[in-house]
Protein chains: 2
Amino acid sequence: MSPSPQQNHLLAALPDEVQQRLFPYLKPVTLPLGKVLYESGEIQHQVFFPTDAIVSLLNVTENGASAEISVVGNDGLIGVSLFMGGESTPSRALVQSAGSALQLSARRLKEEFDRHGDLLLLLLRYTQSLITQMAQTAVCNRHHTIDQQLCRWLLLSLDRLPGNQLIMTQELIANMLGVRREGVTTAAGKLQKLGVIEYHRGHISVLDRPRLETLCCECYAVVKKETDRLLPWHPNK
Amino acid sequence: MSPSPQQNHLLAALPDEVQQRLFPYLKPVTLPLGKVLYESGEIQHQVFFPTDAIVSLLNVTENGASAEISVVGNDGLIGVSLFMGGESTPSRALVQSAGSALQLSARRLKEEFDRHGDLLLLLLRYTQSLITQMAQTAVCNRHHTIDQQLCRWLLLSLDRLPGNQLIMTQELIANMLGVRREGVTTAAGKLQKLGVIEYHRGHISVLDRPRLETLCCECYAVVKKETDRLLPWHPNK
DNA sequence: GGGAGTCGGTGCGCTAACAAACATAAAGCG
DNA sequence: CGCTTTATGTTTGTTAGCGCACCGACTCCC
């Protein structure tokens, strides 16, 4: 069953005319957990529009420590630097939740981008929402506890998934947040004790999302609000 | 003495034709220390091209804590969201080092941007370099010590100033880094003991820049390298 | 059904950074 | 000059998160 372009908000938001030009070139791909779409500094030849996968952008330090700087799901695309002009970035794009995406060659994307029409406007606004997310991540890393950050991370992921289930080990979450696995264990333990989530060997179920939002720092809300403002999303297009 | 547009790298990098269209509309302004160019969420009506001022982009949390997410000097402009399409951002733009800038109305900037010529390409590349800086700031906030971050911050500021002097209290630096003033005092004390800087009531002189770079985390180098790649700067244009 | 590997939970010592209070001293100003 | 303000230095707890070690328990797979 091939993923539909309409599942990706950016693709769905394009006018018919652009869709007709672009969609024939979209190639469905499946993204397994842990796959690296781009390595830091690598020239990028494709962009990816997730339909139900989630991809994290990570910056990795010299000594191997990492930190997630943004999360991309069916609300966005991977490969911003292609149209921004750099062709590569110092970040790694890592599949955080397995699923599908639609792949488009750099050439086709740039062709359409260079028409300076709706695609350009849309992608620039999307890029601004990414910037917002990165900025807020920086603040969150500075000022908020692991407990709060875990909540933020769960909410960001949940927004990009169909159900209320995450397939994700604590080890992986720790890598994303750039903290120790034990730190995540402790934080997740608290949430479980509160009945907010249920943890079971790599399967997280969020039982009480409203509660999760109250436990979270403001960072989630800030990003969400700004993203909604920049990219109003009407599923019933 | 009015600041010359050629002092700003972005303006200087524009082809003559664009310069002739744009430069007549540039208005010199002086930016005093502490001035707020944009408040979070505020609609922006101007962009600023610093010639010798330095402006910090800060995100502020609910409880008043703040964190700098990027630094802009004569290498860039303030007001990226204007051409990205959002018209505002959740960040505050605060003058960190007094000086001059050239101001341009949103209308004129967008007019030129919408020609989809060299200005568009240049500004998008600049935006990507900003993204790099933000991403690296997020990592740095997560993984590096105050000592290291102070070095990074000094180097970033130094690159945007003519001499080796900074006018800047520890209190202000602490606000930028999002740490306590005492933390900066301790870190700066170490640097002074090592003879790398000299501190004197709001005046910092960097005595041994090479040493400063060795004490710094990799973050400075990562950002510098990527920025140089994205925006090769030839003063002898 | 019985290992091997994976995942999560726990305890302990350690350090960086925080919080709050206080000391000092230079700069500025009447 | 003497007083106030501002900038920096210092001290004494306290705490969040780290590093490390280890254990138990679930899963997978032969």
# chains A, B, ... in the order shown; residues from 1 in each chain; ligands from 1

$ residues_around --residues "Arg142 of chain A" --least-positions-apart "5" --cutoff "8 Å" --atoms "only C-alpha atoms (C1' of nucleotides)" --output "ChimeraX atom specification"
/B:67,141-142,178

$ residues_around --residues "DT24 of chain C" --least-positions-apart "3" --cutoff "12 Å" --atoms "only C-alpha atoms (C1' of nucleotides)" --output "list in words"
DA7, DT8, DG9 and DT10 of chain D

$ write_last_selection --atoms "all heavy atoms" --output "compact mmCIF listing (two decimals), in the first residue's frame"
# COMPACT_ATOMS: atom_id res chain seq x y z
P DA D 7 26.72 47.91 36.12
OP1 DA D 7 26.88 48.32 34.71
OP2 DA D 7 25.56 47.10 36.54
O5' DA D 7 28.04 47.15 36.56
C5' DA D 7 29.29 47.78 36.36
C4' DA D 7 30.38 46.92 36.94
O4' DA D 7 30.30 46.95 38.39
C3' DA D 7 30.28 45.45 36.54
O3' DA D 7 31.53 45.05 36.00
C2' DA D 7 29.94 44.71 37.82
C1' DA D 7 30.41 45.66 38.91
N9 DA D 7 29.59 45.64 40.12
C8 DA D 7 28.23 45.75 40.21
N7 DA D 7 27.77 45.72 41.44
C5 DA D 7 28.90 45.57 42.20
C6 DA D 7 29.09 45.47 43.59
N6 DA D 7 28.09 45.50 44.48
N1 DA D 7 30.36 45.34 44.05
C2 DA D 7 31.35 45.31 43.16
N3 DA D 7 31.30 45.39 41.83
C4 DA D 7 30.03 45.53 41.42
P DT D 8 31.73 43.57 35.52
OP1 DT D 8 32.78 43.61 34.50
OP2 DT D 8 30.43 42.92 35.24
O5' DT D 8 32.35 42.90 36.85
C5' DT D 8 33.59 43.38 37.32
C4' DT D 8 33.90 42.76 38.66
O4' DT D 8 32.82 43.00 39.59
C3' DT D 8 34.11 41.25 38.65
O3' DT D 8 35.46 41.03 38.99
C2' DT D 8 33.13 40.72 39.71
C1' DT D 8 32.86 41.96 40.53
N1 DT D 8 31.58 42.00 41.28
C2 DT D 8 31.62 41.99 42.66
O2 DT D 8 32.64 41.96 43.30
N3 DT D 8 30.38 42.04 43.26
C4 DT D 8 29.15 42.09 42.64
O4 DT D 8 28.11 42.13 43.29
C5 DT D 8 29.18 42.09 41.20
C7 DT D 8 27.91 42.15 40.42
C6 DT D 8 30.38 42.04 40.59
P DG D 9 36.03 39.54 38.94
OP1 DG D 9 37.45 39.67 38.55
OP2 DG D 9 35.12 38.67 38.18
O5' DG D 9 35.99 39.09 40.47
C5' DG D 9 36.71 39.83 41.44
C4' DG D 9 36.39 39.30 42.82
O4' DG D 9 35.00 39.58 43.14
C3' DG D 9 36.56 37.78 43.00
O3' DG D 9 37.42 37.58 44.11
C2' DG D 9 35.15 37.27 43.28
C1' DG D 9 34.48 38.50 43.87
N9 DG D 9 33.02 38.55 43.71
C8 DG D 9 32.31 38.63 42.52
N7 DG D 9 31.02 38.68 42.70
C5 DG D 9 30.86 38.64 44.08
C6 DG D 9 29.67 38.67 44.86
O6 DG D 9 28.51 38.73 44.48
N1 DG D 9 29.97 38.61 46.23
C2 DG D 9 31.23 38.52 46.76
N2 DG D 9 31.31 38.47 48.08
N3 DG D 9 32.34 38.50 46.04
C4 DG D 9 32.08 38.57 44.70
P DT D 10 37.95 36.12 44.44
OP1 DT D 10 39.29 36.29 45.01
OP2 DT D 10 37.76 35.25 43.26
O5' DT D 10 36.97 35.61 45.58
C5' DT D 10 36.69 36.47 46.68
C4' DT D 10 35.76 35.79 47.68
O4' DT D 10 34.38 36.11 47.36
C3' DT D 10 35.83 34.25 47.70
O3' DT D 10 35.91 33.82 49.05
C2' DT D 10 34.53 33.82 47.06
C1' DT D 10 33.60 34.94 47.52
N1 DT D 10 32.38 35.09 46.70
C2 DT D 10 31.17 35.23 47.34
O2 DT D 10 31.05 35.27 48.55
N3 DT D 10 30.10 35.35 46.51
C4 DT D 10 30.11 35.32 45.11
O4 DT D 10 29.08 35.44 44.47
C5 DT D 10 31.41 35.15 44.52
C7 DT D 10 31.54 35.10 43.03
C6 DT D 10 32.47 35.05 45.32

$ closest_atom_pairs --of "chain B" --to "chain A" --cutoff "9 Å" --atoms "only C-alpha atoms" --output "Markdown table"
| residue | atom | partner | partner_atom | distance |
| --- | --- | --- | --- | --- |
| B:Leu58 | CA | A:Ala135 | CA | 8.7 |
| B:Asn59 | CA | A:Val139 | CA | 6.7 |
| B:Val60 | CA | A:Val139 | CA | 8.0 |
| B:Thr61 | CA | A:Val139 | CA | 7.8 |
| B:Glu62 | CA | A:Glu218 | CA | 7.5 |
| B:Ala65 | CA | A:His143 | CA | 7.7 |
| B:Ser66 | CA | A:Val139 | CA | 7.2 |
| B:Ala67 | CA | A:Val139 | CA | 5.6 |
| B:Glu68 | CA | A:Val139 | CA | 8.1 |
| B:Ile69 | CA | A:Ala135 | CA | 6.0 |
| B:Ser70 | CA | A:Ala135 | CA | 8.9 |
| B:Val80 | CA | A:Gln128 | CA | 8.7 |
| B:Ser81 | CA | A:Gln128 | CA | 6.9 |
| B:Phe83 | CA | A:Leu124 | CA | 8.3 |
| B:Met84 | CA | A:Leu124 | CA | 5.1 |
| B:Gly85 | CA | A:Arg125 | CA | 5.5 |
| B:Gly86 | CA | A:Leu230 | CA | 6.1 |
| B:Thr89 | CA | A:Thr132 | CA | 7.4 |
| B:Pro90 | CA | A:Thr132 | CA | 7.2 |
| B:Ser91 | CA | A:Ala135 | CA | 8.3 |
| B:Asp114 | CA | A:His116 | CA | 8.6 |
| B:His116 | CA | A:His116 | CA | 7.1 |
| B:Leu121 | CA | A:Gly85 | CA | 7.1 |
| B:Leu122 | CA | A:Gly85 | CA | 8.6 |
| B:Leu123 | CA | A:Met84 | CA | 8.8 |
| B:Leu124 | CA | A:Met84 | CA | 5.1 |
| B:Arg125 | CA | A:Gly85 | CA | 5.5 |
| B:Tyr126 | CA | A:Met84 | CA | 8.7 |
| B:Thr127 | CA | A:Met84 | CA | 7.6 |
| B:Gln128 | CA | A:Met84 | CA | 6.2 |
| B:Ser129 | CA | A:Gly86 | CA | 8.7 |
| B:Leu130 | CA | A:Ile131 | CA | 8.8 |
| B:Ile131 | CA | A:Ile131 | CA | 6.4 |
| B:Thr132 | CA | A:Pro90 | CA | 7.2 |
| B:Met134 | CA | A:Ala135 | CA | 6.2 |
| B:Ala135 | CA | A:Ile69 | CA | 6.0 |
| B:Gln136 | CA | A:Asn59 | CA | 7.2 |
| B:Thr137 | CA | A:Ala138 | CA | 6.3 |
| B:Ala138 | CA | A:Ala138 | CA | 3.9 |
| B:Val139 | CA | A:Ala67 | CA | 5.6 |
| B:Cys140 | CA | A:Ala138 | CA | 8.5 |
| B:Asn141 | CA | A:Arg142 | CA | 5.4 |
| B:Arg142 | CA | A:Asn141 | CA | 5.4 |
| B:His143 | CA | A:Ala65 | CA | 7.7 |
| B:Leu177 | CA | A:Arg142 | CA | 8.8 |
| B:Gly178 | CA | A:Arg142 | CA | 7.0 |
| B:Val179 | CA | A:Arg142 | CA | 8.3 |
| B:Glu218 | CA | A:Glu62 | CA | 7.5 |
| B:Cys219 | CA | A:Thr61 | CA | 8.4 |
| B:Val222 | CA | A:Pro90 | CA | 8.0 |
| B:Val223 | CA | A:Pro90 | CA | 8.9 |
| B:Glu226 | CA | A:Pro90 | CA | 7.7 |
| B:Arg229 | CA | A:Gly86 | CA | 8.2 |
| B:Leu230 | CA | A:Gly86 | CA | 6.1 |

$ closest_residue --among "A:Leu26, A:Ile197, A:Ile146, A:Met168" --to "chain D" --atoms "only C-alpha atoms (C1' of nucleotides)"
A:Ile146

$ interface_residues --of "chain A" --to "chain D" --cutoff "8 Å" --atoms "only C-alpha atoms (C1' of nucleotides)" --output "PyMOL selection string"
chain A and resi 145+180+183+201

$ write_last_selection --atoms "N, CA, C and O atoms" --output "PDB file, in the first residue's frame"
ATOM      1  N   THR A 145      14.260  20.808  33.059  1.00  0.00           N
ATOM      2  CA  THR A 145      14.731  19.520  33.569  1.00  0.00           C
ATOM      3  C   THR A 145      14.473  18.402  32.563  1.00  0.00           C
ATOM      4  O   THR A 145      13.710  18.560  31.614  1.00  0.00           O
ATOM      5  N   ARG A 180      21.630  10.973  29.630  1.00  0.00           N
ATOM      6  CA  ARG A 180      21.935   9.573  29.903  1.00  0.00           C
ATOM      7  C   ARG A 180      20.675   8.728  29.853  1.00  0.00           C
ATOM      8  O   ARG A 180      19.574   9.191  30.154  1.00  0.00           O
ATOM      9  N   GLY A 183      18.814   8.751  33.085  1.00  0.00           N
ATOM     10  CA  GLY A 183      18.005   9.946  33.310  1.00  0.00           C
ATOM     11  C   GLY A 183      16.617   9.783  32.734  1.00  0.00           C
ATOM     12  O   GLY A 183      15.614  10.143  33.360  1.00  0.00           O
ATOM     13  N   ARG A 201       9.122  -2.216  27.469  1.00  0.00           N
ATOM     14  CA  ARG A 201      10.181  -2.664  26.555  1.00  0.00           C
ATOM     15  C   ARG A 201      10.068  -2.057  25.150  1.00  0.00           C
ATOM     16  O   ARG A 201       9.824  -2.773  24.173  1.00  0.00           O
TER      17      ARG A 201
END

$ residues_around --residues "DG8 of chain C" --least-positions-apart "5" --cutoff "10 Å" --atoms "only C-alpha atoms (C1' of nucleotides)" --output "ChimeraX atom specification"
/A:169-171,181-182,185,189,199-202 /D:24-26

$ atom_distance --atom1 "atom CA of Ser105 of chain B" --atom2 "atom CA of Asp16 of chain B"
19.9 Å

$ atom_distance --atom1 "atom CA of Val184 of chain A" --atom2 "atom CA of Glu39 of chain A"
25.7 Å

$ interface_residues --of "chain C" --to "chain B" --cutoff "9 Å" --atoms "only C-alpha atoms (C1' of nucleotides)" --output "number ranges by chain"
C: 16-18, 26

$ write_last_selection --atoms "N, CA, C and O atoms (P, O5', C5', C4', C3', O3' and C1' of nucleotides)" --output "PDB file, in the first residue's frame"
ATOM      1  P    DA C  16      33.444  20.033  37.732  1.00  0.00           P
ATOM      2  O5'  DA C  16      32.263  20.736  36.937  1.00  0.00           O
ATOM      3  C5'  DA C  16      31.493  19.968  36.014  1.00  0.00           C
ATOM      4  C4'  DA C  16      30.161  20.637  35.814  1.00  0.00           C
ATOM      5  C3'  DA C  16      30.219  22.152  35.703  1.00  0.00           C
ATOM      6  O3'  DA C  16      29.298  22.560  34.721  1.00  0.00           O
ATOM      7  C1'  DA C  16      28.896  21.547  37.584  1.00  0.00           C
ATOM      8  P    DA C  17      29.257  24.063  34.254  1.00  0.00           P
ATOM      9  O5'  DA C  17      27.985  24.665  35.007  1.00  0.00           O
ATOM     10  C5'  DA C  17      26.726  24.024  34.828  1.00  0.00           C
ATOM     11  C4'  DA C  17      25.807  24.424  35.942  1.00  0.00           C
ATOM     12  C3'  DA C  17      25.681  25.932  36.173  1.00  0.00           C
ATOM     13  O3'  DA C  17      24.358  26.333  35.885  1.00  0.00           O
ATOM     14  C1'  DA C  17      25.840  24.723  38.216  1.00  0.00           C
ATOM     15  P    DC C  18      23.807  27.767  36.205  1.00  0.00           P
ATOM     16  O5'  DC C  18      23.015  27.545  37.569  1.00  0.00           O
ATOM     17  C5'  DC C  18      21.942  26.613  37.604  1.00  0.00           C
ATOM     18  C4'  DC C  18      21.357  26.565  38.999  1.00  0.00           C
ATOM     19  C3'  DC C  18      20.888  27.919  39.520  1.00  0.00           C
ATOM     20  O3'  DC C  18      19.564  27.832  39.982  1.00  0.00           O
ATOM     21  C1'  DC C  18      22.320  26.881  41.075  1.00  0.00           C
ATOM     22  P    DA C  26      39.656  49.772  43.700  1.00  0.00           P
ATOM     23  O5'  DA C  26      39.256  50.409  42.290  1.00  0.00           O
ATOM     24  C5'  DA C  26      38.847  49.547  41.247  1.00  0.00           C
ATOM     25  C4'  DA C  26      37.571  50.077  40.623  1.00  0.00           C
ATOM     26  C3'  DA C  26      37.668  51.528  40.126  1.00  0.00           C
ATOM     27  O3'  DA C  26      37.277  51.551  38.771  1.00  0.00           O
ATOM     28  C1'  DA C  26      35.709  51.204  41.439  1.00  0.00           C
TER      29       DA C  26
END

$ select_by_dssp --residues "segment 57-227 of chain A" --states "helix (DSSP H, G or I)" --output "MDAnalysis selection string"
chainID A and resid 80:84 106:113 118:143 146:158 170:177 181:193 209:215 219:227

$ atom_distance --atom1 "atom CA of Ala98 of chain B" --atom2 "atom CA of Ala53 of chain B"
5.2 Å

$ closest_residue --among "A:Arg21, A:Leu37, A:Asp52, A:Lys27" --to "Pro162 of chain A" --atoms "only C-alpha atoms"
A:Asp52
